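Participant: If it helps, the file is called work-v3.cif and holds mmCIF, C-alpha atoms:
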data_run
#
loop_
_atom_site.label_atom_id
_atom_site.label_comp_id
_atom_site.auth_asym_id
_atom_site.auth_seq_id
_atom_site.Cartn_x
_atom_site.Cartn_y
_atom_site.Cartn_z
CA MET A 379 -40.77 -58.71 38.67
CA LEU A 380 -42.85 -56.50 36.38
CA LYS A 381 -41.12 -53.41 37.66
CA PHE A 382 -37.75 -55.05 37.11
CA LEU A 383 -38.65 -55.83 33.48
CA GLN A 384 -39.95 -52.30 32.94
CA GLY A 385 -36.69 -50.91 34.30
CA CYS A 386 -34.62 -53.09 31.97
CA LEU A 387 -36.75 -52.03 29.01
CA LEU A 388 -36.24 -48.37 29.82
CA LEU A 389 -32.46 -48.86 30.12
CA ALA A 390 -32.38 -50.63 26.75
CA LEU A 391 -34.36 -47.83 25.08
CA ALA A 392 -32.04 -45.21 26.59
CA ALA A 393 -29.01 -47.10 25.30
CA ILE A 394 -30.51 -47.27 21.81
CA LEU A 395 -31.35 -43.56 21.83
CA PHE A 396 -27.87 -42.69 23.10
CA ALA A 397 -26.26 -44.76 20.36
CA CYS A 398 -28.42 -43.13 17.69
CA GLY A 399 -27.63 -39.70 19.04
CA SER A 400 -23.91 -40.43 19.03
CA GLY A 401 -24.09 -41.61 15.46
CA ASP A 402 -25.86 -38.43 14.35
CA ALA A 403 -23.35 -36.27 16.14
CA THR A 404 -20.46 -38.10 14.49
CA GLU A 405 -21.99 -37.59 11.05
CA VAL A 406 -22.58 -33.87 11.72
CA ASN A 407 -19.03 -33.37 12.99
CA THR A 408 -17.59 -35.24 9.99
CA HIS A 409 -19.70 -33.10 7.66
CA VAL A 410 -18.46 -29.92 9.30
CA GLU A 411 -14.84 -31.06 9.02
CA GLU A 412 -15.33 -31.81 5.33
CA GLU A 413 -16.72 -28.31 4.75
CA GLU A 414 -13.85 -26.66 6.60
CA ALA A 415 -11.11 -28.65 4.82
CA GLU A 416 -9.32 -26.56 2.19
CA LEU A 417 -9.01 -28.10 -1.23
CA PRO A 418 -5.58 -27.80 -2.85
CA GLU A 419 -5.35 -25.12 -5.53
CA PRO A 420 -5.13 -26.49 -9.06
CA ASN A 421 -1.75 -26.31 -10.77
CA MET A 422 -2.63 -23.82 -13.52
CA ALA A 423 -0.46 -22.69 -16.43
CA PHE A 424 -1.23 -21.44 -19.96
CA GLY A 425 -4.92 -21.56 -19.05
CA PHE A 426 -4.84 -25.33 -18.32
CA ASN A 427 -5.07 -27.39 -15.15
CA LEU A 428 -1.79 -29.26 -15.43
CA ASP A 429 -3.00 -31.89 -12.94
CA SER A 430 -5.19 -33.28 -15.73
CA PHE A 431 -2.25 -34.03 -18.04
CA LEU A 432 1.10 -35.69 -18.25
CA VAL A 433 3.32 -32.61 -18.59
CA VAL A 434 6.56 -32.72 -20.59
CA HIS A 435 8.87 -29.69 -20.65
CA GLY A 436 11.56 -29.32 -23.27
CA GLU A 437 13.80 -27.01 -25.25
CA ILE A 438 13.90 -26.78 -29.04
CA ALA A 439 17.10 -28.46 -30.22
CA ARG A 440 19.17 -27.31 -33.16
CA ASN A 441 17.70 -28.45 -36.49
CA GLN A 442 14.68 -29.88 -34.66
CA TYR A 443 11.27 -29.59 -36.34
CA LEU A 444 7.75 -29.72 -34.96
CA ALA A 445 7.27 -33.21 -36.45
CA ASP A 446 10.34 -34.45 -34.55
CA ILE A 447 8.58 -33.55 -31.30
CA LEU A 448 5.03 -34.63 -32.10
CA LEU A 449 5.47 -37.90 -34.01
CA PRO A 450 6.86 -39.79 -30.96
CA ARG A 451 3.81 -38.52 -29.07
CA HIS A 452 1.40 -40.25 -31.49
CA VAL A 453 0.43 -37.20 -33.55
CA SER A 454 0.30 -38.25 -37.21
CA TYR A 455 1.77 -36.45 -40.23
CA PRO A 456 -1.71 -35.43 -41.55
CA GLU A 457 -2.56 -33.96 -38.14
CA ILE A 458 0.73 -32.09 -37.98
CA ASP A 459 0.19 -30.75 -41.50
CA ARG A 460 -3.29 -29.57 -40.58
CA VAL A 461 -2.20 -27.74 -37.43
CA VAL A 462 0.72 -26.13 -39.29
CA ARG A 463 -1.66 -24.81 -41.95
CA ASN A 464 -4.02 -23.52 -39.25
CA ALA A 465 -1.08 -21.71 -37.62
CA ARG A 466 -0.08 -19.65 -40.67
CA ASP A 467 -2.07 -16.55 -39.70
CA VAL A 468 -1.19 -16.88 -36.01
CA PHE A 469 2.44 -17.98 -35.70
CA ASP A 470 4.56 -19.44 -38.48
CA VAL A 471 6.20 -22.68 -37.27
CA ARG A 472 9.31 -21.69 -39.25
CA LYS A 473 9.87 -19.04 -36.56
CA ILE A 474 10.27 -21.69 -33.87
CA ASN A 475 13.88 -21.21 -32.79
CA ALA A 476 16.45 -23.46 -31.15
CA GLY A 477 16.94 -22.81 -27.46
CA LYS A 478 13.33 -21.74 -26.83
CA SER A 479 11.13 -23.59 -24.33
CA TYR A 480 8.10 -25.71 -25.11
CA THR A 481 5.58 -27.73 -23.12
CA LEU A 482 3.63 -30.83 -24.15
CA LEU A 483 0.33 -31.65 -22.42
CA CYS A 484 -0.27 -35.37 -22.93
CA THR A 485 -2.96 -37.84 -21.96
CA PRO A 486 -2.23 -39.32 -18.50
CA ASP A 487 -2.54 -42.91 -19.74
CA SER A 488 -0.21 -45.50 -21.19
CA LEU A 489 -0.42 -43.96 -24.69
CA GLU A 490 0.77 -40.52 -23.53
CA ARG A 491 -0.52 -38.87 -26.69
CA ALA A 492 0.13 -35.13 -27.05
CA CYS A 493 -3.03 -33.03 -26.72
CA TYR A 494 -1.37 -29.59 -26.79
CA PHE A 495 2.00 -28.24 -27.91
CA ILE A 496 2.84 -24.88 -26.28
CA TYR A 497 5.76 -22.86 -27.64
CA GLN A 498 7.30 -19.96 -25.68
CA PRO A 499 9.21 -17.43 -27.82
CA ASP A 500 9.90 -15.50 -24.61
CA LEU A 501 8.97 -15.51 -20.93
CA VAL A 502 5.70 -13.60 -21.47
CA ASN A 503 4.23 -14.80 -24.76
CA TYR A 504 3.24 -18.32 -25.75
CA VAL A 505 1.53 -20.07 -28.66
CA VAL A 506 -0.87 -22.99 -28.11
CA TYR A 507 -1.21 -25.66 -30.82
CA GLU A 508 -4.32 -27.74 -30.17
CA LEU A 509 -3.69 -31.29 -31.41
CA GLN A 510 -7.24 -32.57 -31.30
CA ASP A 511 -10.72 -31.66 -32.53
CA SER A 512 -10.47 -28.32 -34.41
CA MET A 513 -6.64 -28.24 -34.42
CA ARG A 514 -6.80 -24.51 -33.68
CA VAL A 515 -3.78 -22.33 -32.85
CA TYR A 516 -3.88 -19.25 -30.63
CA LYS A 517 -1.60 -16.91 -28.71
CA GLY A 518 -1.57 -16.09 -25.01
CA LYS A 519 0.38 -14.10 -22.43
CA LYS A 520 1.50 -15.08 -18.96
CA PRO A 521 0.60 -12.72 -16.10
CA VAL A 522 3.28 -10.06 -15.66
CA GLU A 523 4.10 -8.59 -12.26
CA LEU A 524 5.72 -5.15 -12.04
CA ARG A 525 8.23 -4.68 -9.23
CA GLU A 526 9.85 -1.41 -8.29
CA ASN A 527 13.65 -1.44 -8.01
CA THR A 528 16.38 1.13 -7.44
CA PHE A 529 19.98 1.43 -8.60
CA GLU A 530 22.85 3.79 -7.94
CA GLY A 531 26.33 3.73 -9.38
CA VAL A 532 29.40 5.77 -10.23
CA ILE A 533 30.58 5.50 -13.83
CA GLU A 534 34.11 4.25 -14.39
CA SER A 535 34.04 3.66 -18.14
CA SER A 536 30.47 3.57 -19.49
CA LEU A 537 26.90 3.64 -18.24
CA TYR A 538 26.26 0.25 -19.86
CA LEU A 539 29.09 -1.45 -17.94
CA THR A 540 28.14 0.31 -14.70
CA LEU A 541 24.61 -1.11 -14.89
CA ASP A 542 25.82 -4.54 -15.99
CA GLN A 543 28.33 -4.79 -13.15
CA GLY A 544 25.59 -3.70 -10.73
CA GLY A 545 23.39 -6.63 -11.75
CA VAL A 546 20.88 -4.42 -13.57
CA ASN A 547 19.58 -5.08 -17.08
CA PRO A 548 21.95 -2.98 -19.24
CA GLU A 549 18.99 -2.10 -21.47
CA LEU A 550 18.20 0.47 -18.77
CA ALA A 551 21.11 2.44 -20.29
CA LEU A 552 19.13 2.76 -23.53
CA GLN A 553 16.06 3.97 -21.64
CA LEU A 554 18.09 6.58 -19.77
CA ALA A 555 19.81 7.66 -22.99
CA SER A 556 16.39 8.02 -24.61
CA LEU A 557 14.77 10.14 -21.90
CA TYR A 558 17.93 12.29 -21.50
CA ALA A 559 18.46 12.51 -25.27
CA TRP A 560 17.60 16.23 -25.23
CA THR A 561 19.82 17.22 -22.30
CA ILE A 562 22.90 14.93 -22.07
CA ASP A 563 25.33 14.01 -24.84
CA PHE A 564 26.07 10.40 -23.87
CA TYR A 565 29.21 10.41 -26.01
CA ARG A 566 30.69 12.89 -23.54
CA ILE A 567 29.97 11.00 -20.31
CA GLN A 568 32.96 11.24 -17.98
CA LYS A 569 34.52 9.00 -15.38
CA GLY A 570 33.02 10.01 -12.04
CA ASP A 571 29.58 10.83 -13.42
CA LYS A 572 26.94 9.02 -11.38
CA VAL A 573 23.35 7.93 -11.61
CA LYS A 574 20.49 7.08 -9.27
CA VAL A 575 17.36 5.63 -10.78
CA VAL A 576 14.01 4.22 -9.64
CA PHE A 577 12.48 1.89 -12.22
CA THR A 578 10.12 -1.03 -12.64
CA GLU A 579 10.99 -4.51 -13.87
CA LYS A 580 8.70 -7.16 -15.29
CA TYR A 581 8.58 -10.57 -13.61
CA VAL A 582 6.95 -13.77 -14.84
CA ASP A 583 6.91 -16.75 -12.46
CA ASP A 584 9.46 -14.91 -10.27
CA GLU A 585 11.82 -14.63 -13.24
CA ARG A 586 12.92 -11.33 -14.79
CA ALA A 587 11.12 -10.74 -18.07
CA GLY A 588 12.32 -7.27 -19.06
CA LEU A 589 12.22 -3.66 -18.05
CA GLY A 590 9.18 -1.57 -17.25
CA GLU A 591 9.52 2.21 -17.02
CA VAL A 592 11.89 4.65 -15.40
CA ILE A 593 9.95 6.32 -12.58
CA ALA A 594 12.59 8.82 -11.46
CA SER A 595 16.30 9.36 -11.94
CA ASN A 596 19.15 11.74 -11.26
CA PHE A 597 22.12 11.71 -13.62
CA VAL A 598 25.05 13.73 -12.30
CA HIS A 599 27.08 14.79 -15.33
CA SER A 600 30.10 17.11 -15.08
CA GLY A 601 29.02 17.97 -11.54
CA LYS A 602 25.51 19.02 -12.58
CA ASP A 603 22.29 17.24 -11.55
CA PHE A 604 19.89 16.20 -14.30
CA TYR A 605 16.62 15.06 -12.74
CA ALA A 606 13.88 13.16 -14.57
CA PHE A 607 10.45 12.39 -13.10
CA ARG A 608 7.78 10.42 -14.92
CA PHE A 609 4.42 12.20 -14.60
CA THR A 610 1.11 11.93 -16.43
CA GLN A 611 -0.90 14.97 -17.39
CA ASP A 612 -3.80 14.96 -19.84
CA SER A 613 -3.49 11.14 -19.92
CA VAL A 614 -0.03 11.37 -21.53
CA PRO A 615 3.05 10.23 -19.53
CA ASP A 616 6.22 12.26 -20.00
CA TYR A 617 9.41 13.15 -18.15
CA PHE A 618 10.03 16.45 -16.38
CA ASP A 619 12.82 18.01 -14.35
CA GLU A 620 12.42 19.13 -10.73
CA GLU A 621 10.98 22.48 -11.85
CA GLY A 622 8.32 20.92 -14.06
CA ASN A 623 10.01 21.54 -17.42
CA SER A 624 9.72 18.81 -20.01
CA LEU A 625 12.91 16.91 -20.78
CA ARG A 626 11.89 16.80 -24.44
CA LYS A 627 13.57 19.60 -26.32
CA ALA A 628 13.22 20.74 -29.89
CA PHE A 629 15.99 18.39 -31.11
CA LEU A 630 17.79 15.22 -30.13
CA LYS A 631 21.41 15.68 -29.11
CA MET A 632 22.60 13.23 -31.80
CA PRO A 633 21.22 11.31 -34.81
CA LEU A 634 22.23 7.83 -33.55
CA LYS A 635 21.15 5.75 -30.60
CA TYR A 636 24.69 4.48 -30.20
CA GLY A 637 28.04 5.10 -31.84
CA ARG A 638 31.26 7.08 -31.33
CA LEU A 639 32.02 10.75 -31.87
CA THR A 640 35.11 10.88 -34.08
CA SER A 641 35.29 14.49 -35.27
CA GLY A 642 33.59 17.63 -34.06
CA TYR A 643 32.68 20.96 -35.60
CA ASN A 644 35.98 22.61 -36.56
CA LYS A 645 36.60 25.57 -38.86
CA ARG A 646 40.15 24.35 -39.59
CA ARG A 647 40.52 20.57 -39.64
CA PHE A 648 43.04 18.43 -41.55
CA HIS A 649 40.94 16.37 -43.97
CA PRO A 650 41.92 12.66 -43.79
CA VAL A 651 41.17 12.06 -47.50
CA GLN A 652 42.08 15.33 -49.20
CA LYS A 653 45.18 15.77 -46.99
CA ARG A 654 44.69 19.50 -46.48
CA PHE A 655 43.27 21.85 -43.88
CA LYS A 656 39.65 22.87 -44.48
CA ALA A 657 36.57 23.69 -42.43
CA HIS A 658 34.58 20.76 -41.06
CA LEU A 659 31.18 22.25 -40.34
CA GLY A 660 29.59 19.06 -39.08
CA THR A 661 29.98 16.40 -36.39
CA ASP A 662 31.03 12.86 -37.30
CA TYR A 663 29.64 9.85 -35.46
CA ALA A 664 31.16 6.46 -36.32
CA ALA A 665 28.95 3.39 -36.18
CA PRO A 666 28.69 0.03 -37.98
CA THR A 667 27.29 0.04 -41.51
CA GLY A 668 23.53 -0.33 -41.38
CA THR A 669 23.05 1.46 -38.03
CA PRO A 670 19.76 3.45 -38.15
CA ILE A 671 20.15 7.22 -38.57
CA LEU A 672 17.41 9.18 -36.76
CA ALA A 673 15.80 12.51 -37.55
CA VAL A 674 16.71 14.77 -34.63
CA GLY A 675 13.42 16.66 -34.92
CA ASP A 676 10.11 16.88 -36.75
CA GLY A 677 10.30 18.38 -40.22
CA VAL A 678 10.01 18.08 -44.00
CA VAL A 679 12.60 16.35 -46.20
CA VAL A 680 13.90 18.99 -48.65
CA GLU A 681 16.75 16.93 -50.14
CA SER A 682 17.28 13.18 -50.56
CA ALA A 683 19.97 12.48 -53.11
CA PHE A 684 23.50 11.30 -53.94
CA LYS A 685 26.43 13.66 -54.50
CA GLN A 686 30.10 12.97 -55.10
CA TYR A 687 31.36 14.19 -51.72
CA ASN A 688 28.22 13.78 -49.60
CA GLY A 689 27.39 10.31 -50.87
CA ASN A 690 23.81 9.39 -50.03
CA TYR A 691 22.43 12.19 -47.86
CA VAL A 692 19.18 13.65 -46.51
CA LYS A 693 18.40 17.22 -45.52
CA ILE A 694 15.42 18.16 -43.32
CA ARG A 695 13.89 21.61 -42.77
CA HIS A 696 12.46 21.72 -39.25
CA ASN A 697 11.13 25.27 -39.30
CA SER A 698 12.04 28.71 -40.60
CA THR A 699 15.11 28.76 -38.35
CA TYR A 700 16.59 25.25 -38.24
CA SER A 701 17.61 22.57 -40.79
CA THR A 702 19.73 19.41 -40.45
CA GLN A 703 21.67 17.24 -42.89
CA TYR A 704 22.89 13.61 -42.67
CA LEU A 705 25.74 12.47 -44.99
CA HIS A 706 27.44 9.25 -46.20
CA MET A 707 24.41 6.95 -45.81
CA SER A 708 24.52 3.42 -47.18
CA LYS A 709 20.78 3.74 -47.81
CA ARG A 710 18.26 6.60 -47.85
CA MET A 711 14.80 5.73 -46.48
CA VAL A 712 12.82 8.97 -47.02
CA LYS A 713 11.84 11.02 -50.07
CA VAL A 714 11.70 14.73 -50.81
CA GLY A 715 8.48 16.26 -49.49
CA GLU A 716 7.98 13.58 -46.86
CA TYR A 717 7.13 14.72 -43.31
CA VAL A 718 9.24 12.95 -40.69
CA ARG A 719 8.91 12.74 -36.94
CA GLN A 720 11.59 13.06 -34.30
CA GLY A 721 13.37 9.73 -33.79
CA GLN A 722 12.19 8.31 -37.14
CA THR A 723 14.76 6.28 -39.09
CA ILE A 724 15.62 8.24 -42.24
CA GLY A 725 18.58 6.18 -43.46
CA LEU A 726 21.38 3.78 -42.55
CA VAL A 727 25.02 4.47 -41.70
CA GLY A 728 27.45 3.91 -44.57
CA SER A 729 30.65 5.23 -46.13
CA THR A 730 29.43 6.61 -49.47
CA GLY A 731 30.99 9.75 -50.90
CA LEU A 732 34.18 11.19 -49.43
CA ALA A 733 34.52 8.95 -46.35
CA THR A 734 37.25 6.76 -44.89
CA GLY A 735 34.87 4.47 -43.01
CA PRO A 736 31.24 3.99 -41.95
CA HIS A 737 29.92 7.06 -40.15
CA VAL A 738 27.34 9.83 -40.40
CA CYS A 739 28.38 13.45 -40.82
CA PHE A 740 25.69 15.45 -39.06
CA ARG A 741 25.27 19.11 -40.06
CA PHE A 742 23.10 21.72 -38.39
CA TRP A 743 21.86 25.02 -39.85
CA LYS A 744 20.54 27.99 -37.85
CA ASN A 745 19.17 30.92 -39.83
CA GLY A 746 20.96 29.62 -42.94
CA GLU A 747 24.38 29.29 -41.26
CA GLN A 748 26.03 26.03 -40.23
CA VAL A 749 26.65 25.98 -36.46
CA ASP A 750 27.90 23.55 -33.82
CA HIS A 751 24.71 21.85 -32.62
CA ARG A 752 26.38 20.74 -29.38
CA ARG A 753 26.73 24.36 -28.27
CA GLU A 754 23.11 25.28 -28.95
CA GLU A 755 20.56 25.66 -26.15
CA PHE A 756 16.99 24.68 -26.97
CA PRO A 757 13.89 25.59 -24.94
CA PRO A 758 11.88 22.78 -23.32
CA SER A 759 8.46 21.86 -24.68
CA GLU A 760 5.11 21.67 -22.84
CA PRO A 761 6.00 22.07 -19.15
CA ILE A 762 3.68 21.05 -16.33
CA ALA A 763 0.40 22.89 -16.75
CA PRO A 764 -0.47 25.31 -13.88
CA GLU A 765 -3.48 23.21 -12.88
CA ASN A 766 -1.24 20.13 -12.49
CA LEU A 767 1.68 21.82 -10.74
CA GLU A 768 0.57 21.15 -7.15
CA ARG A 769 -0.04 17.46 -7.91
CA PHE A 770 3.37 17.25 -9.63
CA GLN A 771 5.16 18.82 -6.66
CA GLN A 772 3.52 16.33 -4.28
CA HIS A 773 4.54 13.53 -6.64
CA ILE A 774 8.23 14.45 -6.75
CA GLN A 775 8.40 15.09 -2.99
CA GLU A 776 7.99 11.33 -2.53
CA LEU A 777 10.56 10.47 -5.21
CA MET A 778 13.24 13.11 -4.62
CA PRO A 779 14.79 11.41 -1.53
CA LEU A 780 15.21 8.23 -3.57
CA VAL A 781 17.34 9.87 -6.27
CA GLN A 782 19.29 12.47 -4.29
CA TRP A 783 22.86 11.64 -3.40
CA PRO A 784 23.84 11.88 0.31
CA ASP A 785 26.03 14.95 -0.17
CA GLU A 786 23.09 16.72 -1.84
CA LYS A 787 20.83 15.93 1.11
CA ASP A 788 23.50 17.22 3.55
CA SER A 789 23.95 20.44 1.58
CA LEU A 790 20.21 21.02 1.55
CA VAL A 791 20.08 20.56 5.33
CA ALA A 792 23.02 22.95 5.76
CA GLU A 793 21.30 25.59 3.64
CA LYS A 794 18.17 25.32 5.77
CA ASP A 795 20.23 25.65 8.97
#
What is this structure when it is put down as structure tokens?
Facilitator:
Amino acid sequence: MLKFLQGCLLLALAAILFACGSGDATEVNTHVEEEEAELPEPNMAFGFNLDSFLVVHGEIARNQYLADILLPRHVSYPEIDRVVRNARDVFDVRKINAGKSYTLLCTPDSLERACYFIYQPDLVNYVVYELQDSMRVYKGKKPVELRENTFEGVIESSLYLTLDQGGVNPELALQLASLYAWTIDFYRIQKGDKVKVVFTEKYVDDERAGLGEVIASNFVHSGKDFYAFRFTQDSVPDYFDEEGNSLRKAFLKMPLKYGRLTSGYNKRRFHPVQKRFKAHLGTDYAAPTGTPILAVGDGVVVESAFKQYNGNYVKIRHNSTYSTQYLHMSKRMVKVGEYVRQGQTIGLVGSTGLATGPHVCFRFWKNGEQVDHRREEFPPSEPIAPENLERFQQHIQELMPLVQWPDEKDSLVAEKD
């Protein structure tokens, strides 16, 4: 009997120990599972965890003011006045425009009071208006991702339309016109010219937010290839052709970013106002009144005045050889003796003096004689330095296949064969 009782006692103790052991094992396993479980990432935007707020997205309506948005969200007039005053040195609320996006971060309770008003003037920038405590206002930027894209197209009417029809931001046309400003006269682009370009675009939240930089391009104009490769030497990025020559020349091809060539250099032209044949020793570019007129090169302003025939005009001496003059301005923006840089706005297009409509008459002097600037050849500036040449050649070897047209590749293969 005693042995039987001892046996039962041992079985009971074993059962208790087994149960305790199972309980410990369950707790350990549960603890391990909790450690291995991945927590969901917080929903972050504008530097805030949006999960902590009631989020309201909206768009500024026409004739809508900040008070119209904040008063229904329990922000009082004195509080609005205070935050507006605090914003003066950061972002003037009068610059809040209809059609722009905003976000309200509100308390997640029944009151739903606005804690923050966030205005987005564009996809990248935003302004935060804190509606509690210090009522401070500050600016921020969303993370921008750069993506590399390519485009190729044959021009039917204009570069702008070619890019637009190809689904590319037409502003790329302005970038290409800027970097080719020394080598291609974009007023003389022809049907059948073609372009291949590698460029970067900015993306915010998977939405296009603007252009980055042109990395490489090939513009085929009048059957000739014009290559451009972005390359940095001495910490300064610039564009070079396939031989390492800088695309920047001594002068811009024209004094306007956009416009229309209406009359070229002609030693016997019928004058539309005076109704007689006389020499026209300049080039006329028509553009809307107020269009910026650019200095085509660095130099010193030697004349800035008004004359009966010239109207408002500016003349710049670039060096001992070259000078340029810009006529019929609606407004002059530089003074005699002032040093100007290439691309600087020196005046605005107008029709002052002897002119039938708004345009700029651009005149070019070489060694004291007026010449046709479109027929002049100017040497490139600052080519690839010898110590950077090998690195440049390696760089363009990777990019060249991306901007060559198929017939060019075939001809290169044929030449090698």
Participant: Could you list, as a list of chain:residue names, every residue within 9 Å of segment 751-766 of chain A, counting only C-alpha atoms and ignoring same-chain residues fewer than 5 positions away?
Facilitator: A:Trp560, A:Asp563, A:Gln611, A:Phe618, A:Glu621, A:Gly622, A:Asn623, A:Ser624, A:Leu625, A:Arg626, A:Lys627, A:Ala628, A:Phe629, A:Lys631, A:Met632, A:Tyr643, A:Gly660, A:Thr661, A:Arg741, A:Phe742, A:Trp743, A:Gln771
Participant: Skip Ser488 of chain A itself and residues of its chain fewer than 5 positions away, then list as a list of chain:residue names all residues within 12 Å of it, counting all atoms listed in the file.
Facilitator: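 Residues near the query, excluding close chain neighbours: A:Leu432, A:Arg451, A:His452.
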Participant: Excluding Leu550 of chain A and residues on its chain fewer than 2 positions from it, collect all residues at most 12 Å away from it, counting only C-alpha atoms, and give them as a ChimeraX atom specification.
Facilitator: /A:527-529,537-542,544-548,552-557,573-579,588-593,595
Participant: Which residues come within 6 Å of Ile496 of chain A, counting only C-alpha atoms, excluding same-chain residues fewer than 4 positions away, as a PyMOL selection string?
Facilitator: chain A and resi 480-481+505-506
Participant: Report, in Å with one decimal, the straight-line distance from atom CA of Val471 of chain A to atom CA of Asn427 of chain A.
Facilitator: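 So the answer is 25.3 Å.
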Participant: Which residue is closest to Ser479 of chain A? Choose from A:Gly436, A:Pro521, A:Ala673, A:Ser512 and count only C-alpha atoms.
Facilitator: A:Gly436
Participant: Given the choices A:Gln442, A:Gln568, A:Thr561, A:Ser729, which gets closest to Ile533 of chain A if the distance is worked out from only C-alpha atoms?
Facilitator: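 Residue with the minimum atom-to-atom distance to Ile533 of chain A: A:Gln568.
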Participant: For each of A:Ala559, A:Ala476, A:Leu501, A:Val598, take the minimum atom-to-atom distance to Arg586 of chain A, counting only C-alpha atoms, then give the residue where this is smallest.
Facilitator: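 Residue with the minimum atom-to-atom distance to Arg586 of chain A: A:Leu501.
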Participant: Residues picked by the PyMOL selection byres ((chain A and resi 603) around 10) here, as a VMD selection string?
Facilitator: chain A and resid 571 to 573 595 to 602 604 to 606 619 782 to 783 786
Participant: Using only C-alpha atoms, find the one residue out of A:Leu705, A:Ala664, A:Val468, A:Val718 that sits nearest to Ser641 of chain A.
Facilitator: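 Closest to Ser641 of chain A, using only C-alpha atoms: A:Ala664.
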Participant: Taking only C-alpha atoms, show segment 568-605 of chain A of the given structure as a PDB file, in the first residue's frame.
Facilitator:
ATOM      1  CA  GLN A 568      14.314  72.771 -89.653  1.00  0.00           C
ATOM      2  CA  LYS A 569      11.748  70.053 -90.161  1.00  0.00           C
ATOM      3  CA  GLY A 570      13.619  66.749 -89.981  1.00  0.00           C
ATOM      4  CA  ASP A 571      16.109  67.883 -87.347  1.00  0.00           C
ATOM      5  CA  LYS A 572      16.174  65.363 -84.509  1.00  0.00           C
ATOM      6  CA  VAL A 573      17.230  65.084 -80.913  1.00  0.00           C
ATOM      7  CA  LYS A 574      18.233  62.378 -78.464  1.00  0.00           C
ATOM      8  CA  VAL A 575      18.651  63.357 -74.840  1.00  0.00           C
ATOM      9  CA  VAL A 576      19.386  61.707 -71.488  1.00  0.00           C
ATOM     10  CA  PHE A 577      18.122  63.780 -68.567  1.00  0.00           C
ATOM     11  CA  THR A 578      16.960  63.552 -64.982  1.00  0.00           C
ATOM     12  CA  GLU A 579      13.510  64.369 -63.639  1.00  0.00           C
ATOM     13  CA  LYS A 580      12.474  65.185 -60.095  1.00  0.00           C
ATOM     14  CA  TYR A 581       9.802  63.046 -58.442  1.00  0.00           C
ATOM     15  CA  VAL A 582       7.950  63.653 -55.177  1.00  0.00           C
ATOM     16  CA  ASP A 583       5.640  60.889 -53.928  1.00  0.00           C
ATOM     17  CA  ASP A 584       5.909  59.242 -57.377  1.00  0.00           C
ATOM     18  CA  GLU A 585       4.658  62.444 -59.019  1.00  0.00           C
ATOM     19  CA  ARG A 586       6.711  64.533 -61.448  1.00  0.00           C
ATOM     20  CA  ALA A 587       7.991  67.667 -59.754  1.00  0.00           C
ATOM     21  CA  GLY A 588      10.160  69.236 -62.445  1.00  0.00           C
ATOM     22  CA  LEU A 589      13.292  68.728 -64.457  1.00  0.00           C
ATOM     23  CA  GLY A 590      16.746  67.928 -63.176  1.00  0.00           C
ATOM     24  CA  GLU A 591      19.723  68.259 -65.517  1.00  0.00           C
ATOM     25  CA  VAL A 592      20.556  67.230 -69.054  1.00  0.00           C
ATOM     26  CA  ILE A 593      23.184  64.490 -68.785  1.00  0.00           C
ATOM     27  CA  ALA A 594      23.891  63.991 -72.486  1.00  0.00           C
ATOM     28  CA  SER A 595      22.276  64.905 -75.779  1.00  0.00           C
ATOM     29  CA  ASN A 596      22.734  64.849 -79.523  1.00  0.00           C
ATOM     30  CA  PHE A 597      20.928  67.461 -81.600  1.00  0.00           C
ATOM     31  CA  VAL A 598      21.087  66.728 -85.321  1.00  0.00           C
ATOM     32  CA  HIS A 599      20.665  70.068 -87.089  1.00  0.00           C
ATOM     33  CA  SER A 600      20.953  70.439 -90.881  1.00  0.00           C
ATOM     34  CA  GLY A 601      22.484  66.960 -91.003  1.00  0.00           C
ATOM     35  CA  LYS A 602      25.224  67.778 -88.488  1.00  0.00           C
ATOM     36  CA  ASP A 603      25.574  66.203 -85.029  1.00  0.00           C
ATOM     37  CA  PHE A 604      25.850  68.528 -82.047  1.00  0.00           C
ATOM     38  CA  TYR A 605      26.796  66.518 -78.969  1.00  0.00           C
TER      39      TYR A 605
END
